[in-house]
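Written below as structure tokens is the structure these notes are about.
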Amino acid sequence: MSNTLCPSQSMSRNLSLQPAYSTSHALVIGINDYLDSSPLCHAVSDANAVAEVLTKSFGFSADNIKKLVDREATRARILSEFYAHGNATGPDSRLLVFFAGHGTTRRGNGRDVGFLIPHDGLLKDVSTLIRWDEFVRGADLIPAKHLLFIMDACYGGLFFNRTASAGSVRYLKDMMMRPVRQALTAGKEDELVSDGGGPKHSHSIFTGHLLEGLEGAARAPEGHLTANGVMSWVHKRVGTDIQSDQTPHFGSLNGDGDFVFDAPQLKALVSASLPEEEEDALVTVPSVEVSEPAADSSAYGRTKQCLSDPKLNIQLHDFLMLQVRKVLVETSKEKFPQRPQFDKDEFARRLKNYETITQDLRRALACVAYWGGDEHVPVLTKSHAPLTDQIEFGSGLIIWNDLRWYPNLLLFYSSGIAAIANGKYDTLQALFQTDVGNYIRGNDNRCLLTVIGESILELTRSNAFKALPGHEQFYTPISQYMLKLFQPEMDDALFLGKDYENMFDRFEVFFALAIATRRRLAGVRVWGPFGRFAWKLTQGISRTNPLADAIKAAEEQKTDWPPFKAGLFGSNFELFMSATEVFAKGVAESGWH
């Protein structure tokens, strides 16, 4: 039994998706009887049981479950029914594909190729078999946001983009709104997959443990049951079963959402009465035991490698400058031209494009901000400054001009949150004070802190982020959007866990207070960006108060308070406290009551 994976194009966050499923579909295949392979005993029983648990426990309509067993499961029928989901599913659908039967592996040109064996498959003729990567590539033609392959078969050529790391957390609603393609297979190419002997009579070891997981054993402590939870459960149970000689493989082929079988708390979250109470819940993503990580060639991996060796500082500089140049080219005015009017679909599309373009650079800079020493600060700030050079304020619709600041905003938040998370206040201060002398507005040269603050103010005034689905009633839609955007990548790279939200809020508090202090010093109206912390505090619904915590720490430690010592708020403590008092009063009088 066998499997081969060809990762497809990265699936980014889809702003139009909902935190629920519109329809649920399944293709369930079980083959005991083969034309050219040894018969199996329990594959059909496995398929019947999976179809039954989907209808009884997870709301799958029997009409939307296509079951193919024995002679029905020909190569042509399997592929026809699979591709039919290109029309049957919608963007908020989920699709589960289950296969119980034989698999095989063939040595290709430098890599293994995995095949599933249909009822009419001939072992000596690979054209009669189904390549695993046929399913993977075909998934690109199916609009369902969540697609899960469960293969009770063994084969080689398995390539997963990622698996959940131990202790990972995700926002539950947000996870439902992110596309994903996931897979769980029974074992490797050289392992014998048992057709029986598992925890359930008349089922294979793999499917027996799978059914136990689906029946509730794989539920997370918070009550939800997702593909990651089921895959982790099956991996552990099958791998340690005394009658098992196989080790399941699992992971994500594409995307960073999660196929959700059941989540009782979702209904309450979706129907939250307060629009920006949002409330979304950080939940644990189950994972297998910690193992030695594979070599990481991502932007994270390359940056960490360079940071670990002073001899690689030049390579770090060159790598970051290469990423900066790529961003400059891809975010040029020619690539994002003016439009005659505002269009919410075009706005959402541009957001996603900017996010994709800056992904490698912002992840690399987050690593530098978190792990880097004093010697790495210059390359961090140098990576931010050039991106302001090409921003010009010419004629045209204001929103498209203002949105050109969005890549800078993404990089600023990513670096700032990472610096806060590791207590790198000197790094944060250097980021705030990054010279953007080439950027001139009103004949006044500015630092990065000031121009990012102004860009947020302009984007807030435009109300453009309120045009995003689900953000229409938010008082701080930019902040809410950024919170969800950064969480998965920050957790994967820096393992912030459930402390992420606190780190995000602290960054926005320090960002706002630094601007307020600078404006107090200049003798102009005290102002700072109101992040999500401000709205939550005025409603009295937050368990923590990052603004009050910062003020209390400053009052107690005065000039010895580490953020102040780093220069985040200037050198005049009394002026800082005066600005903070005015800012806090402005939050209290915001009118959001």
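Residues are named by chain letter and number: chains run A, B, ... in the order of the structure tokens, numbers start at 1 in each chain, and ligands are numbered from 1 in the order shown.
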Can you tell me, as a list in words, what residues are no more than 9 Å from His235 in chain A when counting only C-alpha atoms, ignoring any on the same chain fewer than 3 positions away?
Leu184, Ala186, Phe206, Val230, Met231, Ser232, Val238, Gly239, Thr240, Thr247, Pro248, His249, Phe250 and Val288 of chain A
Give me, as CSV, the closest atom pair and its distance (Å, one decimal) for every residue of range 443-552 of chain A within a cut-off of 8 Å of range 580-588 of chain A, counting only C-alpha atoms, rows sorted by chain and rising number.
```
residue,atom,partner,partner_atom,distance
A:Leu513,CA,A:Thr580,CA,6.3
A:Ala516,CA,A:Phe583,CA,6.8
A:Thr517,CA,A:Thr580,CA,7.2
A:Val526,CA,A:Phe583,CA,6.6
A:Trp527,CA,A:Phe583,CA,6.5
A:Gly528,CA,A:Phe583,CA,7.2
A:Phe530,CA,A:Val587,CA,7.6
A:Ala534,CA,A:Val587,CA,6.0
A:Thr538,CA,A:Ala588,CA,6.2
A:Leu547,CA,A:Ala584,CA,7.8
A:Ile551,CA,A:Thr580,CA,7.6
```
Taking the backbone alone, and naming residues the way the document does, which bits of range 365-552 of chain A are helix (DSSP H, G or I) by DSSP, as a ChimeraX atom specification?
/A:365-371,374-388,398-403,406-421,425-432,448-462,464-467,477-494,497-522,532-539,546-552
Hey, what does DSSP flag as strand (DSSP E or B) within range 339-487 of chain A? Can you give it to me as a ChimeraX atom specification?
/A:435-441,444-447
Take the residues from that selection and put them in a file with C-alpha atoms, as an mmCIF file, in the first residue's frame.
```cif
data_model
loop_
_atom_site.group_PDB
_atom_site.id
_atom_site.type_symbol
_atom_site.label_atom_id
_atom_site.label_comp_id
_atom_site.auth_asym_id
_atom_site.auth_seq_id
_atom_site.Cartn_x
_atom_site.Cartn_y
_atom_site.Cartn_z
ATOM 1 C CA ASP A 435 15.227 56.392 9.620
ATOM 2 C CA VAL A 436 12.951 56.752 6.628
ATOM 3 C CA GLY A 437 14.458 60.020 5.490
ATOM 4 C CA ASN A 438 13.524 59.364 1.876
ATOM 5 C CA TYR A 439 9.876 59.474 2.897
ATOM 6 C CA ILE A 440 8.687 63.079 3.030
ATOM 7 C CA ARG A 441 5.171 64.168 3.862
ATOM 8 C CA ASP A 444 9.077 66.680 7.422
ATOM 9 C CA ASN A 445 11.386 63.658 7.546
ATOM 10 C CA ARG A 446 10.052 60.894 9.764
ATOM 11 C CA CYS A 447 11.006 57.727 11.606
#
```
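When only C-alpha atoms are used to compute distances to Phe486 in chain A, the closest of the residues A:Tyr300, A:Phe159, A:Tyr171, A:Phe336 turns out to be A:Tyr171.
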Quick one: residues within 10 Å of range 256-271 of chain A, only C-alpha atoms counted, chain neighbours fewer than 6 positions away excluded, as an MDAnalysis selection string?
chainID A and resid 10:13 18:21 24 54 57:60 94:96 145:148 161:164 170:182 214 216 219:220 222:230 277:281 285 488:489
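Among the candidates A:Ser168, A:Ser80, A:Asn502, A:Thr23, the one nearest to Gly138 in chain A when counting only C-alpha atoms is A:Ser80.
Minimum atom-to-atom distances from A:Ile314, A:Ala144, A:Leu79, A:Val169 to Leu129 in chain A were compared using only C-alpha atoms, and the lowest value belongs to A:Leu79.
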